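Enquirer: My file is query-v7.pdb. It has PDB, C-alpha atoms:
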```pdb
MODEL        1
ATOM      1  CA  MET H   1      16.880   8.438  -5.656
ATOM      2  CA  ASP H   2      13.813   7.303  -3.738
ATOM      3  CA  LEU H   3      10.784   7.633  -5.982
ATOM      4  CA  PHE H   4       7.339   7.384  -4.393
ATOM      5  CA  LEU H   5       4.323   6.840  -6.654
ATOM      6  CA  ILE H   6       1.183   7.781  -4.752
ATOM      7  CA  ARG H   7      -2.330   7.189  -6.021
ATOM      8  CA  HIS H   8      -4.970   9.858  -5.307
ATOM      9  CA  GLY H   9      -7.514   9.175  -2.560
ATOM     10  CA  ILE H  10     -11.163   8.152  -2.971
ATOM     11  CA  ALA H  11     -12.925  10.682  -5.225
ATOM     12  CA  ARG H  12     -16.553  11.591  -5.901
ATOM     13  CA  ASP H  13     -18.428   9.450  -8.455
ATOM     14  CA  ARG H  14     -18.110  10.482 -12.076
ATOM     15  CA  ALA H  15     -21.897  10.696 -12.375
ATOM     16  CA  LEU H  16     -21.948  13.487  -9.772
ATOM     17  CA  CYS H  17     -19.339  15.705 -11.468
ATOM     18  CA  SER H  18     -19.342  17.854 -14.582
ATOM     19  CA  SER H  19     -16.027  16.457 -15.732
ATOM     20  CA  ASP H  20     -13.583  13.727 -14.700
ATOM     21  CA  ALA H  21     -10.875  16.369 -14.254
ATOM     22  CA  GLU H  22     -12.935  18.136 -11.580
ATOM     23  CA  ARG H  23     -13.807  15.175  -9.358
ATOM     24  CA  PRO H  24     -12.832  16.129  -5.787
ATOM     25  CA  LEU H  25     -11.824  13.785  -2.988
ATOM     26  CA  THR H  26     -14.748  12.672  -0.843
ATOM     27  CA  SER H  27     -14.775  13.413   2.867
ATOM     28  CA  THR H  28     -13.659   9.820   3.551
ATOM     29  CA  GLY H  29     -11.039  10.117   0.802
ATOM     30  CA  LYS H  30      -9.582  13.243   2.413
ATOM     31  CA  LYS H  31      -9.459  11.713   5.890
ATOM     32  CA  ARG H  32      -7.883   8.463   4.710
ATOM     33  CA  THR H  33      -5.315  10.322   2.594
ATOM     34  CA  GLN H  34      -4.476  12.554   5.570
ATOM     35  CA  LYS H  35      -3.836   9.440   7.665
ATOM     36  CA  VAL H  36      -1.603   7.940   4.954
ATOM     37  CA  ALA H  37       0.319  11.237   4.721
ATOM     38  CA  GLN H  38       0.790  11.358   8.491
ATOM     39  CA  ARG H  39       2.011   7.741   8.550
ATOM     40  CA  LEU H  40       4.526   8.484   5.774
ATOM     41  CA  ALA H  41       5.759  11.472   7.786
ATOM     42  CA  ASP H  42       5.964   9.373  10.977
ATOM     43  CA  CYS H  43       8.025   6.767   9.074
ATOM     44  CA  GLY H  44      10.529   9.484   8.176
ATOM     45  CA  ALA H  45       9.596  10.046   4.535
ATOM     46  CA  ARG H  46      10.413  13.480   3.100
ATOM     47  CA  PHE H  47      10.166  14.575  -0.527
ATOM     48  CA  ASP H  48      12.377  17.220  -2.134
ATOM     49  CA  LEU H  49       9.534  17.743  -4.575
ATOM     50  CA  ILE H  50       5.991  16.518  -5.158
ATOM     51  CA  LEU H  51       4.850  16.386  -8.776
ATOM     52  CA  THR H  52       1.140  15.936  -9.322
ATOM     53  CA  SER H  53      -1.258  15.152 -12.111
ATOM     54  CA  PRO H  54      -3.304  18.246 -13.045
ATOM     55  CA  LEU H  55      -6.597  16.517 -12.124
ATOM     56  CA  LEU H  56      -8.352  17.897  -9.034
ATOM     57  CA  ARG H  57      -8.344  14.632  -7.022
ATOM     58  CA  ALA H  58      -4.574  14.304  -7.524
ATOM     59  CA  LYS H  59      -3.878  17.972  -6.713
ATOM     60  CA  GLN H  60      -5.922  17.668  -3.514
ATOM     61  CA  THR H  61      -3.953  14.529  -2.594
ATOM     62  CA  ALA H  62      -0.658  16.378  -3.225
ATOM     63  CA  ASP H  63      -1.847  19.288  -1.062
ATOM     64  CA  ILE H  64      -2.593  16.853   1.782
ATOM     65  CA  LEU H  65       0.968  15.445   1.502
ATOM     66  CA  LEU H  66       2.282  19.021   1.631
ATOM     67  CA  ALA H  67       0.141  19.897   4.670
ATOM     68  CA  ALA H  68       1.545  16.847   6.503
ATOM     69  CA  GLY H  69       5.011  18.364   6.176
ATOM     70  CA  LEU H  70       6.258  15.758   3.691
ATOM     71  CA  SER H  71       7.564  18.421   1.315
ATOM     72  CA  GLN H  72       7.771  22.148   0.806
ATOM     73  CA  ALA H  73       7.145  22.103  -2.936
ATOM     74  CA  VAL H  74       4.340  20.884  -5.185
ATOM     75  CA  GLU H  75       4.253  21.322  -8.961
ATOM     76  CA  VAL H  76       1.668  20.255 -11.491
ATOM     77  CA  PHE H  77       3.288  18.018 -14.129
ATOM     78  CA  THR H  78       1.014  17.234 -17.052
ATOM     79  CA  PRO H  79       2.601  13.864 -18.024
ATOM     80  CA  LEU H  80       1.096  12.533 -14.759
ATOM     81  CA  ALA H  81      -2.470  12.956 -16.080
ATOM     82  CA  PRO H  82      -4.276   9.682 -16.955
ATOM     83  CA  MET H  83      -2.741   7.865 -19.936
ATOM     84  CA  GLY H  84       0.472   9.800 -19.318
ATOM     85  CA  ASP H  85       3.708   8.794 -20.971
ATOM     86  CA  LEU H  86       6.420   7.369 -18.711
ATOM     87  CA  GLN H  87       9.122   8.556 -21.108
ATOM     88  CA  LEU H  88       8.105  12.191 -20.650
ATOM     89  CA  TRP H  89       9.109  12.259 -17.005
ATOM     90  CA  VAL H  90      11.900   9.699 -17.268
ATOM     91  CA  ASN H  91      13.502  12.059 -19.787
ATOM     92  CA  TRP H  92      12.920  15.074 -17.552
ATOM     93  CA  ASN H  93      16.476  15.247 -16.232
ATOM     94  CA  GLN H  94      15.729  17.705 -13.467
ATOM     95  CA  VAL H  95      14.047  14.934 -11.470
ATOM     96  CA  TYR H  96      17.379  13.149 -10.997
ATOM     97  CA  THR H  97      18.891  16.086  -9.136
ATOM     98  CA  TYR H  98      16.747  15.170  -6.109
ATOM     99  CA  HIS H  99      17.164  12.519  -3.408
ATOM    100  CA  SER H 100      13.460  11.853  -2.930
ATOM    101  CA  VAL H 101      10.533  12.691  -5.191
ATOM    102  CA  ALA H 102       6.822  11.838  -4.989
ATOM    103  CA  LEU H 103       4.603  11.569  -8.047
ATOM    104  CA  VAL H 104       0.853  11.766  -7.440
ATOM    105  CA  GLY H 105      -1.247  10.213 -10.174
ATOM    106  CA  HIS H 106      -3.650   7.564 -11.370
ATOM    107  CA  GLN H 107      -4.158   3.898 -12.073
ATOM    108  CA  PRO H 108      -3.336   1.932 -14.115
ATOM    109  CA  ASP H 109      -0.465   4.320 -14.982
ATOM    110  CA  LEU H 110       1.358   4.239 -11.638
ATOM    111  CA  GLY H 111       1.449   0.436 -11.477
ATOM    112  CA  LEU H 112       2.495   0.147 -15.126
ATOM    113  CA  TRP H 113       5.267   2.735 -14.668
ATOM    114  CA  ALA H 114       6.561   0.964 -11.571
ATOM    115  CA  GLU H 115       6.682  -2.344 -13.439
ATOM    116  CA  GLN H 116       8.492  -0.694 -16.363
ATOM    117  CA  LEU H 117      11.036   0.866 -14.021
ATOM    118  CA  ILE H 118      11.654  -2.444 -12.227
ATOM    119  CA  TRP H 119      11.272  -5.168 -14.870
ATOM    120  CA  ALA H 120      11.164  -3.237 -18.199
ATOM    121  CA  HIS H 121       7.768  -4.722 -18.984
ATOM    122  CA  ALA H 122       4.355  -4.226 -17.454
ATOM    123  CA  PRO H 123       1.842  -7.083 -17.360
ATOM    124  CA  GLU H 124      -0.260  -5.210 -14.738
ATOM    125  CA  LYS H 125       0.541  -7.388 -11.728
ATOM    126  CA  LEU H 126       0.751  -4.653  -9.069
ATOM    127  CA  ILE H 127      -2.409  -3.956  -7.069
ATOM    128  CA  VAL H 128      -2.387  -0.217  -6.262
ATOM    129  CA  LYS H 129      -5.353   0.920  -4.151
ATOM    130  CA  LYS H 130      -6.553   4.515  -3.733
ATOM    131  CA  ALA H 131      -4.120   6.434  -1.487
ATOM    132  CA  GLY H 132      -1.772   3.475  -1.969
ATOM    133  CA  VAL H 133       1.983   4.016  -2.086
ATOM    134  CA  ILE H 134       4.754   2.502  -4.213
ATOM    135  CA  GLY H 135       8.403   3.089  -3.195
ATOM    136  CA  LEU H 136      11.254   2.581  -5.686
ATOM    137  CA  LYS H 137      15.023   2.941  -5.570
ATOM    138  CA  VAL H 138      15.953   4.590  -8.873
ATOM    139  CA  GLY H 139      19.581   4.756 -10.012
ATOM    140  CA  ASP H 140      20.998   8.154 -10.943
ATOM    141  CA  ARG H 141      22.964   6.874 -13.942
ATOM    142  CA  GLY H 142      21.637   5.557 -17.226
ATOM    143  CA  SER H 143      17.993   4.790 -17.844
ATOM    144  CA  PRO H 144      15.945   3.898 -14.753
ATOM    145  CA  ILE H 145      13.818   1.560 -16.883
ATOM    146  CA  GLY H 146      14.471  -2.056 -15.924
ATOM    147  CA  SER H 147      17.058  -1.060 -13.330
ATOM    148  CA  SER H 148      15.001   0.207 -10.378
ATOM    149  CA  GLU H 149      14.197  -1.747  -7.209
ATOM    150  CA  LEU H 150      10.921  -2.010  -5.287
ATOM    151  CA  PHE H 151      11.039  -1.476  -1.524
ATOM    152  CA  LEU H 152       7.406  -0.608  -0.764
ATOM    153  CA  LEU H 153       3.935  -1.379  -2.063
ATOM    154  CA  THR H 154       1.089  -0.817   0.315
ATOM    155  CA  ALA H 155      -2.606  -0.030   0.481
ATOM    156  CA  PRO H 156      -4.089   2.069   3.314
ATOM    157  CA  LYS H 157      -5.384  -1.211   4.810
ATOM    158  CA  TRP H 158      -1.799  -2.331   5.523
ATOM    159  CA  PHE H 159      -0.428   1.107   6.333
ATOM    160  CA  LEU H 160      -2.866   2.718   8.769
TER     161      LEU H 160
ATOM    162  CA  MET W   1      -5.424 -17.513  -2.184
ATOM    163  CA  ASP W   2      -3.529 -14.863  -0.253
ATOM    164  CA  LEU W   3       0.080 -15.944   0.090
ATOM    165  CA  PHE W   4       2.279 -14.081   2.571
ATOM    166  CA  LEU W   5       6.047 -14.518   2.343
ATOM    167  CA  ILE W   6       7.599 -13.401   5.613
ATOM    168  CA  ARG W   7      11.330 -13.102   6.199
ATOM    169  CA  HIS W   8      12.708 -14.125   9.611
ATOM    170  CA  GLY W   9      13.676 -11.376  12.057
ATOM    171  CA  ILE W  10      17.166 -10.174  12.957
ATOM    172  CA  ALA W  11      19.268 -13.168  14.089
ATOM    173  CA  ARG W  12      22.498 -13.567  16.034
ATOM    174  CA  ASP W  13      25.767 -13.220  14.076
ATOM    175  CA  ARG W  14      27.077 -16.352  12.399
ATOM    176  CA  ALA W  15      30.401 -15.970  14.220
ATOM    177  CA  LEU W  16      28.607 -16.399  17.563
ATOM    178  CA  CYS W  17      26.781 -19.632  16.671
ATOM    179  CA  SER W  18      27.911 -23.216  16.166
ATOM    180  CA  SER W  19      25.896 -23.550  12.967
ATOM    181  CA  ASP W  20      23.860 -21.322  10.650
ATOM    182  CA  ALA W  21      20.813 -23.532  11.260
ATOM    183  CA  GLU W  22      20.907 -22.773  15.002
ATOM    184  CA  ARG W  23      21.175 -18.978  14.875
ATOM    185  CA  PRO W  24      18.400 -17.615  17.158
ATOM    186  CA  LEU W  25      16.628 -14.270  16.839
ATOM    187  CA  THR W  26      18.286 -11.510  18.849
ATOM    188  CA  SER W  27      16.345  -9.697  21.560
ATOM    189  CA  THR W  28      15.770  -6.802  19.132
ATOM    190  CA  GLY W  29      14.828  -9.277  16.404
ATOM    191  CA  LYS W  30      12.195 -10.863  18.637
ATOM    192  CA  LYS W  31      10.672  -7.531  19.680
ATOM    193  CA  ARG W  32      10.550  -6.173  16.132
ATOM    194  CA  THR W  33       9.057  -9.400  14.805
ATOM    195  CA  GLN W  34       6.437  -9.347  17.590
ATOM    196  CA  LYS W  35       5.478  -5.799  16.545
ATOM    197  CA  VAL W  36       5.196  -6.830  12.888
ATOM    198  CA  ALA W  37       3.044  -9.821  13.901
ATOM    199  CA  GLN W  38       0.781  -7.619  16.013
ATOM    200  CA  ARG W  39       0.412  -5.104  13.155
ATOM    201  CA  LEU W  40      -0.503  -7.899  10.730
ATOM    202  CA  ALA W  41      -3.126  -9.107  13.223
ATOM    203  CA  ASP W  42      -4.449  -5.548  13.709
ATOM    204  CA  CYS W  43      -4.760  -5.206   9.913
ATOM    205  CA  GLY W  44      -6.973  -8.296   9.866
ATOM    206  CA  ALA W  45      -4.506 -10.842   8.497
ATOM    207  CA  ARG W  46      -5.184 -14.484   9.410
ATOM    208  CA  PHE W  47      -3.416 -17.554   8.057
ATOM    209  CA  ASP W  48      -5.025 -20.982   7.700
ATOM    210  CA  LEU W  49      -1.522 -22.367   7.961
ATOM    211  CA  ILE W  50       2.019 -21.137   8.568
ATOM    212  CA  LEU W  51       4.779 -23.116   6.874
ATOM    213  CA  THR W  52       8.294 -22.402   8.078
ATOM    214  CA  SER W  53      11.850 -23.130   7.072
ATOM    215  CA  PRO W  54      13.448 -25.638   9.487
ATOM    216  CA  LEU W  55      16.123 -23.123  10.553
ATOM    217  CA  LEU W  56      15.833 -21.856  14.122
ATOM    218  CA  ARG W  57      15.486 -18.146  13.269
ATOM    219  CA  ALA W  58      12.591 -18.945  10.908
ATOM    220  CA  LYS W  59      10.881 -21.301  13.372
ATOM    221  CA  GLN W  60      11.113 -18.645  16.099
ATOM    222  CA  THR W  61       9.601 -16.098  13.696
ATOM    223  CA  ALA W  62       6.763 -18.512  12.872
ATOM    224  CA  ASP W  63       6.146 -19.103  16.607
ATOM    225  CA  ILE W  64       5.855 -15.324  17.112
ATOM    226  CA  LEU W  65       3.249 -15.138  14.320
ATOM    227  CA  LEU W  66       1.373 -17.988  16.024
ATOM    228  CA  ALA W  67       1.528 -16.311  19.449
ATOM    229  CA  ALA W  68       0.040 -13.126  17.925
ATOM    230  CA  GLY W  69      -3.052 -15.141  16.986
ATOM    231  CA  LEU W  70      -2.379 -15.004  13.247
ATOM    232  CA  SER W  71      -2.843 -18.755  12.872
ATOM    233  CA  GLN W  72      -3.512 -21.905  14.836
ATOM    234  CA  ALA W  73      -1.149 -24.138  12.874
ATOM    235  CA  VAL W  74       2.588 -24.091  12.122
ATOM    236  CA  GLU W  75       4.405 -26.798  10.178
ATOM    237  CA  VAL W  76       8.064 -27.114   9.249
ATOM    238  CA  PHE W  77       8.412 -27.413   5.463
ATOM    239  CA  THR W  78      11.938 -28.259   4.314
ATOM    240  CA  PRO W  79      11.705 -26.651   0.829
ATOM    241  CA  LEU W  80      11.654 -23.293   2.678
ATOM    242  CA  ALA W  81      15.254 -23.763   3.899
ATOM    243  CA  PRO W  82      17.857 -21.513   2.181
ATOM    244  CA  MET W  83      18.342 -22.351  -1.500
ATOM    245  CA  GLY W  84      14.943 -24.044  -1.479
ATOM    246  CA  ASP W  85      13.181 -24.945  -4.682
ATOM    247  CA  LEU W  86      10.049 -22.962  -5.564
ATOM    248  CA  GLN W  87       8.702 -25.904  -7.574
ATOM    249  CA  LEU W  88       8.640 -28.151  -4.496
ATOM    250  CA  TRP W  89       5.988 -26.081  -2.773
ATOM    251  CA  VAL W  90       4.248 -24.837  -5.905
ATOM    252  CA  ASN W  91       3.655 -28.526  -6.706
ATOM    253  CA  TRP W  92       2.455 -29.244  -3.183
ATOM    254  CA  ASN W  93      -1.228 -29.235  -4.021
ATOM    255  CA  GLN W  94      -2.449 -29.192  -0.434
ATOM    256  CA  VAL W  95      -1.449 -25.518  -0.144
ATOM    257  CA  TYR W  96      -4.149 -24.523  -2.639
ATOM    258  CA  THR W  97      -6.924 -25.825  -0.401
ATOM    259  CA  TYR W  98      -6.392 -22.809   1.890
ATOM    260  CA  HIS W  99      -7.556 -19.200   1.614
ATOM    261  CA  SER W 100      -4.513 -17.660   3.278
ATOM    262  CA  VAL W 101      -1.076 -19.174   3.892
ATOM    263  CA  ALA W 102       2.133 -17.692   5.297
ATOM    264  CA  LEU W 103       5.579 -19.001   4.372
ATOM    265  CA  VAL W 104       8.428 -18.020   6.698
ATOM    266  CA  GLY W 105      11.850 -18.200   5.098
ATOM    267  CA  HIS W 106      14.997 -16.518   3.878
ATOM    268  CA  GLN W 107      16.467 -14.135   1.387
ATOM    269  CA  PRO W 108      17.176 -14.104  -1.480
ATOM    270  CA  ASP W 109      14.704 -16.987  -1.904
ATOM    271  CA  LEU W 110      11.518 -15.153  -0.840
ATOM    272  CA  GLY W 111      12.115 -12.226  -3.198
ATOM    273  CA  LEU W 112      13.054 -14.522  -6.081
ATOM    274  CA  TRP W 113       9.983 -16.710  -5.528
ATOM    275  CA  ALA W 114       7.708 -13.661  -5.421
ATOM    276  CA  GLU W 115       9.156 -12.391  -8.705
ATOM    277  CA  GLN W 116       8.728 -15.844 -10.278
ATOM    278  CA  LEU W 117       5.116 -16.022  -9.135
ATOM    279  CA  ILE W 118       4.354 -12.538 -10.462
ATOM    280  CA  TRP W 119       6.499 -12.076 -13.583
ATOM    281  CA  ALA W 120       7.847 -15.628 -14.307
ATOM    282  CA  HIS W 121      11.402 -14.349 -14.057
ATOM    283  CA  ALA W 122      13.462 -13.088 -11.145
ATOM    284  CA  PRO W 123      16.108 -10.395 -11.685
ATOM    285  CA  GLU W 124      16.249  -9.741  -7.888
ATOM    286  CA  LYS W 125      14.510  -6.358  -7.846
ATOM    287  CA  LEU W 126      12.500  -6.762  -4.639
ATOM    288  CA  ILE W 127      14.079  -5.393  -1.449
ATOM    289  CA  VAL W 128      12.937  -7.692   1.379
ATOM    290  CA  LYS W 129      14.214  -6.630   4.819
ATOM    291  CA  LYS W 130      14.328  -8.840   7.927
ATOM    292  CA  ALA W 131      10.788  -9.314   9.305
ATOM    293  CA  GLY W 132       9.606  -7.856   5.993
ATOM    294  CA  VAL W 133       6.355  -9.050   4.431
ATOM    295  CA  ILE W 134       5.335  -9.805   0.838
ATOM    296  CA  GLY W 135       1.629 -10.300   0.027
ATOM    297  CA  LEU W 136       0.512 -12.055  -3.169
ATOM    298  CA  LYS W 137      -2.821 -12.995  -4.705
ATOM    299  CA  VAL W 138      -2.320 -16.480  -6.096
ATOM    300  CA  GLY W 139      -4.871 -18.032  -8.440
ATOM    301  CA  ASP W 140      -6.277 -21.432  -7.529
ATOM    302  CA  ARG W 141      -6.236 -22.786 -11.070
ATOM    303  CA  GLY W 142      -3.250 -23.619 -13.233
ATOM    304  CA  SER W 143       0.304 -22.727 -12.318
ATOM    305  CA  PRO W 144       0.710 -19.686 -10.056
ATOM    306  CA  ILE W 145       4.036 -18.893 -11.768
ATOM    307  CA  GLY W 146       3.695 -15.708 -13.810
ATOM    308  CA  SER W 147       0.044 -15.320 -12.886
ATOM    309  CA  SER W 148       0.096 -13.987  -9.310
ATOM    310  CA  GLU W 149      -0.402 -10.353  -8.264
ATOM    311  CA  LEU W 150       1.493  -8.307  -5.677
ATOM    312  CA  PHE W 151      -0.549  -6.337  -3.147
ATOM    313  CA  LEU W 152       2.005  -5.806  -0.348
ATOM    314  CA  LEU W 153       5.740  -5.373   0.062
ATOM    315  CA  THR W 154       6.886  -3.743   3.238
ATOM    316  CA  ALA W 155       9.797  -3.515   5.643
ATOM    317  CA  PRO W 156       9.252  -2.999   9.399
ATOM    318  CA  LYS W 157      10.264   0.660   8.839
ATOM    319  CA  TRP W 158       7.090   1.257   6.822
ATOM    320  CA  PHE W 159       4.873  -1.064   8.817
ATOM    321  CA  LEU W 160       5.446  -0.262  12.493
TER     322      LEU W 160
ENDMDL
END
```
Could you rewrite the structure in this file as structure tokens?
Expert:
Amino acid sequence: MDLFLIRHGIARDRALCSSDAERPLTSTGKKRTQKVAQRLADCGARFDLILTSPLLRAKQTADILLAAGLSQAVEVFTPLAPMGDLQLWVNWNQVYTYHSVALVGHQPDLGLWAEQLIWAHAPEKLIVKKAGVIGLKVGDRGSPIGSSELFLLTAPKWFL
Amino acid sequence: MDLFLIRHGIARDRALCSSDAERPLTSTGKKRTQKVAQRLADCGARFDLILTSPLLRAKQTADILLAAGLSQAVEVFTPLAPMGDLQLWVNWNQVYTYHSVALVGHQPDLGLWAEQLIWAHAPEKLIVKKAGVIGLKVGDRGSPIGSSELFLLTAPKWFL
């Protein structure tokens, strides 16, 4: 399975919002995320399913991926909220019935999860920018932890 | 220091060449590598120095990077030949006087070296395609092994 971990775009400052969960993407964040989504589509990426963190900036990012035609399905998945637990979605067997899935979430979680999936430990050595994309090949047998391969890590700077 | 590890482009089949060292890039390999070089230049990449494996397909790749204006200097560096030793260039102190260096070489060496620089071990979990690019942030103090960070891994598919 191809697993894409996609960080939300640039969001409004915390000081300007009533709660962290309700921080929307900025105008620049929306435009840049739309460009990333279009580039992914142009490169041939398609997702059987997009799972997103329940936070507004992640849901808006997932909606932009949907609008670019990258998938026909988005679901909120609470383990993708900040400080989420990798095991909760690794153990969610339904995910392995798909060929290509995108998870929209937050840092440092996405980088830590990718490192766990690839090397079974996570010393925080992946630099994942806003609207950045990680692409992993995840086996469909046994635990994906420590057995996945990395084929893509990019920031908008290198992608647009 | 930004360290870019760049794999040579698509080369002619071994069966059609007198020696592995003399395999040239194919016409498609040249064009695709030129596009990757142009994209790197458009993204703002510049190298103080390009070091290349002495093999023809690597030297031709390095010359394409030079022609795209990515650097003004290319040098052949024998530790970048296949089965090269990471320690030989890690110990080559001159490299750390630069802000941005590109090494042009071969697989599986480039992927293994990147993993060593980032995680201090190398279970071969990075997928590095021909004309693919790895970008690392390498500290300028102490050993870079196990202390570098990954900011870019891309194949031409995701870059062009």
Enquirer: To test your reading of the syntax: which residues would the ChimeraX specification (/W :<12) & /H return for the file shown? Reply as a compact mmCIF listing (two decimals) with C-alpha atoms, in the frame of the given file.
Expert:
```
# COMPACT_ATOMS: atom_id res chain seq x y z
CA VAL H 36 -1.60 7.94 4.95
CA ARG H 39 2.01 7.74 8.55
CA LEU H 40 4.53 8.48 5.77
CA ALA H 41 5.76 11.47 7.79
CA ASP H 42 5.96 9.37 10.98
CA CYS H 43 8.02 6.77 9.07
CA GLY H 44 10.53 9.48 8.18
CA ALA H 45 9.60 10.05 4.54
CA GLY H 111 1.45 0.44 -11.48
CA ALA H 114 6.56 0.96 -11.57
CA GLU H 115 6.68 -2.34 -13.44
CA GLN H 116 8.49 -0.69 -16.36
CA LEU H 117 11.04 0.87 -14.02
CA ILE H 118 11.65 -2.44 -12.23
CA TRP H 119 11.27 -5.17 -14.87
CA ALA H 120 11.16 -3.24 -18.20
CA HIS H 121 7.77 -4.72 -18.98
CA ALA H 122 4.36 -4.23 -17.45
CA PRO H 123 1.84 -7.08 -17.36
CA GLU H 124 -0.26 -5.21 -14.74
CA LYS H 125 0.54 -7.39 -11.73
CA LEU H 126 0.75 -4.65 -9.07
CA ILE H 127 -2.41 -3.96 -7.07
CA VAL H 128 -2.39 -0.22 -6.26
CA LYS H 129 -5.35 0.92 -4.15
CA GLY H 132 -1.77 3.48 -1.97
CA VAL H 133 1.98 4.02 -2.09
CA ILE H 134 4.75 2.50 -4.21
CA GLY H 135 8.40 3.09 -3.20
CA LEU H 136 11.25 2.58 -5.69
CA LYS H 137 15.02 2.94 -5.57
CA VAL H 138 15.95 4.59 -8.87
CA GLY H 146 14.47 -2.06 -15.92
CA SER H 147 17.06 -1.06 -13.33
CA SER H 148 15.00 0.21 -10.38
CA GLU H 149 14.20 -1.75 -7.21
CA LEU H 150 10.92 -2.01 -5.29
CA PHE H 151 11.04 -1.48 -1.52
CA LEU H 152 7.41 -0.61 -0.76
CA LEU H 153 3.94 -1.38 -2.06
CA THR H 154 1.09 -0.82 0.32
CA ALA H 155 -2.61 -0.03 0.48
CA PRO H 156 -4.09 2.07 3.31
CA LYS H 157 -5.38 -1.21 4.81
CA TRP H 158 -1.80 -2.33 5.52
CA PHE H 159 -0.43 1.11 6.33
CA LEU H 160 -2.87 2.72 8.77
```
Enquirer: What is the CA of Val104 (chain W) to CA of Phe4 (chain H) distance in Å?
Expert: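 Taking CA of Val104 (chain W) as the start and CA of Phe4 (chain H) as the end point, the length is 27.7 Å.
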Enquirer: Extract, using only C-alpha atoms, all DNA, RNA and protein residues at most 12 Å from Thr28 (chain H), discarding same-chain residues fewer than 4 positions from it, and format them as a list in words.
Expert: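 So the residues in contact are Gly9, Ile10, Ala11, Arg12, Pro24, Arg32, Thr33, Gln34, Lys35, Lys130 and Ala131 of chain H.
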Enquirer: Please evaluate the PyMOL selection byres ((chain W and resi 54-62) around 8) against the structure above and give the resulting residues as a PDB file with C-alpha atoms, keeping the file's coordinate frame.
Expert:
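Listing of part_26.pdb after writing:
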```
ATOM      1  CA  ARG W   7      11.330 -13.102   6.199  1.00  0.00           C
ATOM      2  CA  HIS W   8      12.708 -14.125   9.611  1.00  0.00           C
ATOM      3  CA  GLY W   9      13.676 -11.376  12.057  1.00  0.00           C
ATOM      4  CA  ALA W  11      19.268 -13.168  14.089  1.00  0.00           C
ATOM      5  CA  ASP W  20      23.860 -21.322  10.650  1.00  0.00           C
ATOM      6  CA  ALA W  21      20.813 -23.532  11.260  1.00  0.00           C
ATOM      7  CA  GLU W  22      20.907 -22.773  15.002  1.00  0.00           C
ATOM      8  CA  ARG W  23      21.175 -18.978  14.875  1.00  0.00           C
ATOM      9  CA  PRO W  24      18.400 -17.615  17.158  1.00  0.00           C
ATOM     10  CA  LEU W  25      16.628 -14.270  16.839  1.00  0.00           C
ATOM     11  CA  LYS W  30      12.195 -10.863  18.637  1.00  0.00           C
ATOM     12  CA  THR W  33       9.057  -9.400  14.805  1.00  0.00           C
ATOM     13  CA  ILE W  50       2.019 -21.137   8.568  1.00  0.00           C
ATOM     14  CA  LEU W  51       4.779 -23.116   6.874  1.00  0.00           C
ATOM     15  CA  THR W  52       8.294 -22.402   8.078  1.00  0.00           C
ATOM     16  CA  SER W  53      11.850 -23.130   7.072  1.00  0.00           C
ATOM     17  CA  ASP W  63       6.146 -19.103  16.607  1.00  0.00           C
ATOM     18  CA  ILE W  64       5.855 -15.324  17.112  1.00  0.00           C
ATOM     19  CA  LEU W  65       3.249 -15.138  14.320  1.00  0.00           C
ATOM     20  CA  LEU W  66       1.373 -17.988  16.024  1.00  0.00           C
ATOM     21  CA  VAL W  74       2.588 -24.091  12.122  1.00  0.00           C
ATOM     22  CA  VAL W  76       8.064 -27.114   9.249  1.00  0.00           C
ATOM     23  CA  PHE W  77       8.412 -27.413   5.463  1.00  0.00           C
ATOM     24  CA  THR W  78      11.938 -28.259   4.314  1.00  0.00           C
ATOM     25  CA  LEU W  80      11.654 -23.293   2.678  1.00  0.00           C
ATOM     26  CA  ALA W  81      15.254 -23.763   3.899  1.00  0.00           C
ATOM     27  CA  VAL W 104       8.428 -18.020   6.698  1.00  0.00           C
ATOM     28  CA  GLY W 105      11.850 -18.200   5.098  1.00  0.00           C
ATOM     29  CA  HIS W 106      14.997 -16.518   3.878  1.00  0.00           C
TER      30      HIS W 106
END
```
Enquirer: Rounded to one decimal place, report the CA of Asp48 (chain H)-CA of Leu103 (chain H) distance in Å.
Expert: 11.3 Å
Enquirer: Work out how far CA of Ile145 (chain H) is from CA of Val101 (chain H), in Å to one decimal.
Expert: 16.5 Å
Enquirer: Could you give me region 6-12 of chain H completed to N, CA and C atoms, formatted as a compact mmCIF listing (two decimals), in the frame of the given file?
Expert:
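Ended up saving to result.txt:
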```
# COMPACT_ATOMS: atom_id res chain seq x y z
N ILE H 6 2.31 7.76 -5.69
CA ILE H 6 1.18 7.78 -4.75
C ILE H 6 -0.12 8.00 -5.52
N ARG H 7 -1.03 7.07 -5.33
CA ARG H 7 -2.33 7.19 -6.02
C ARG H 7 -3.23 8.14 -5.23
N HIS H 8 -4.01 8.94 -5.96
CA HIS H 8 -4.97 9.86 -5.31
C HIS H 8 -5.94 9.08 -4.41
N GLY H 9 -6.53 9.79 -3.46
CA GLY H 9 -7.51 9.18 -2.56
C GLY H 9 -8.87 8.96 -3.24
N ILE H 10 -9.81 8.45 -2.46
CA ILE H 10 -11.16 8.15 -2.97
C ILE H 10 -11.83 9.45 -3.42
N ALA H 11 -12.33 9.46 -4.65
CA ALA H 11 -12.92 10.68 -5.22
C ALA H 11 -14.43 10.50 -5.48
N ARG H 12 -15.11 11.62 -5.66
CA ARG H 12 -16.55 11.59 -5.90
C ARG H 12 -16.87 10.85 -7.21
```
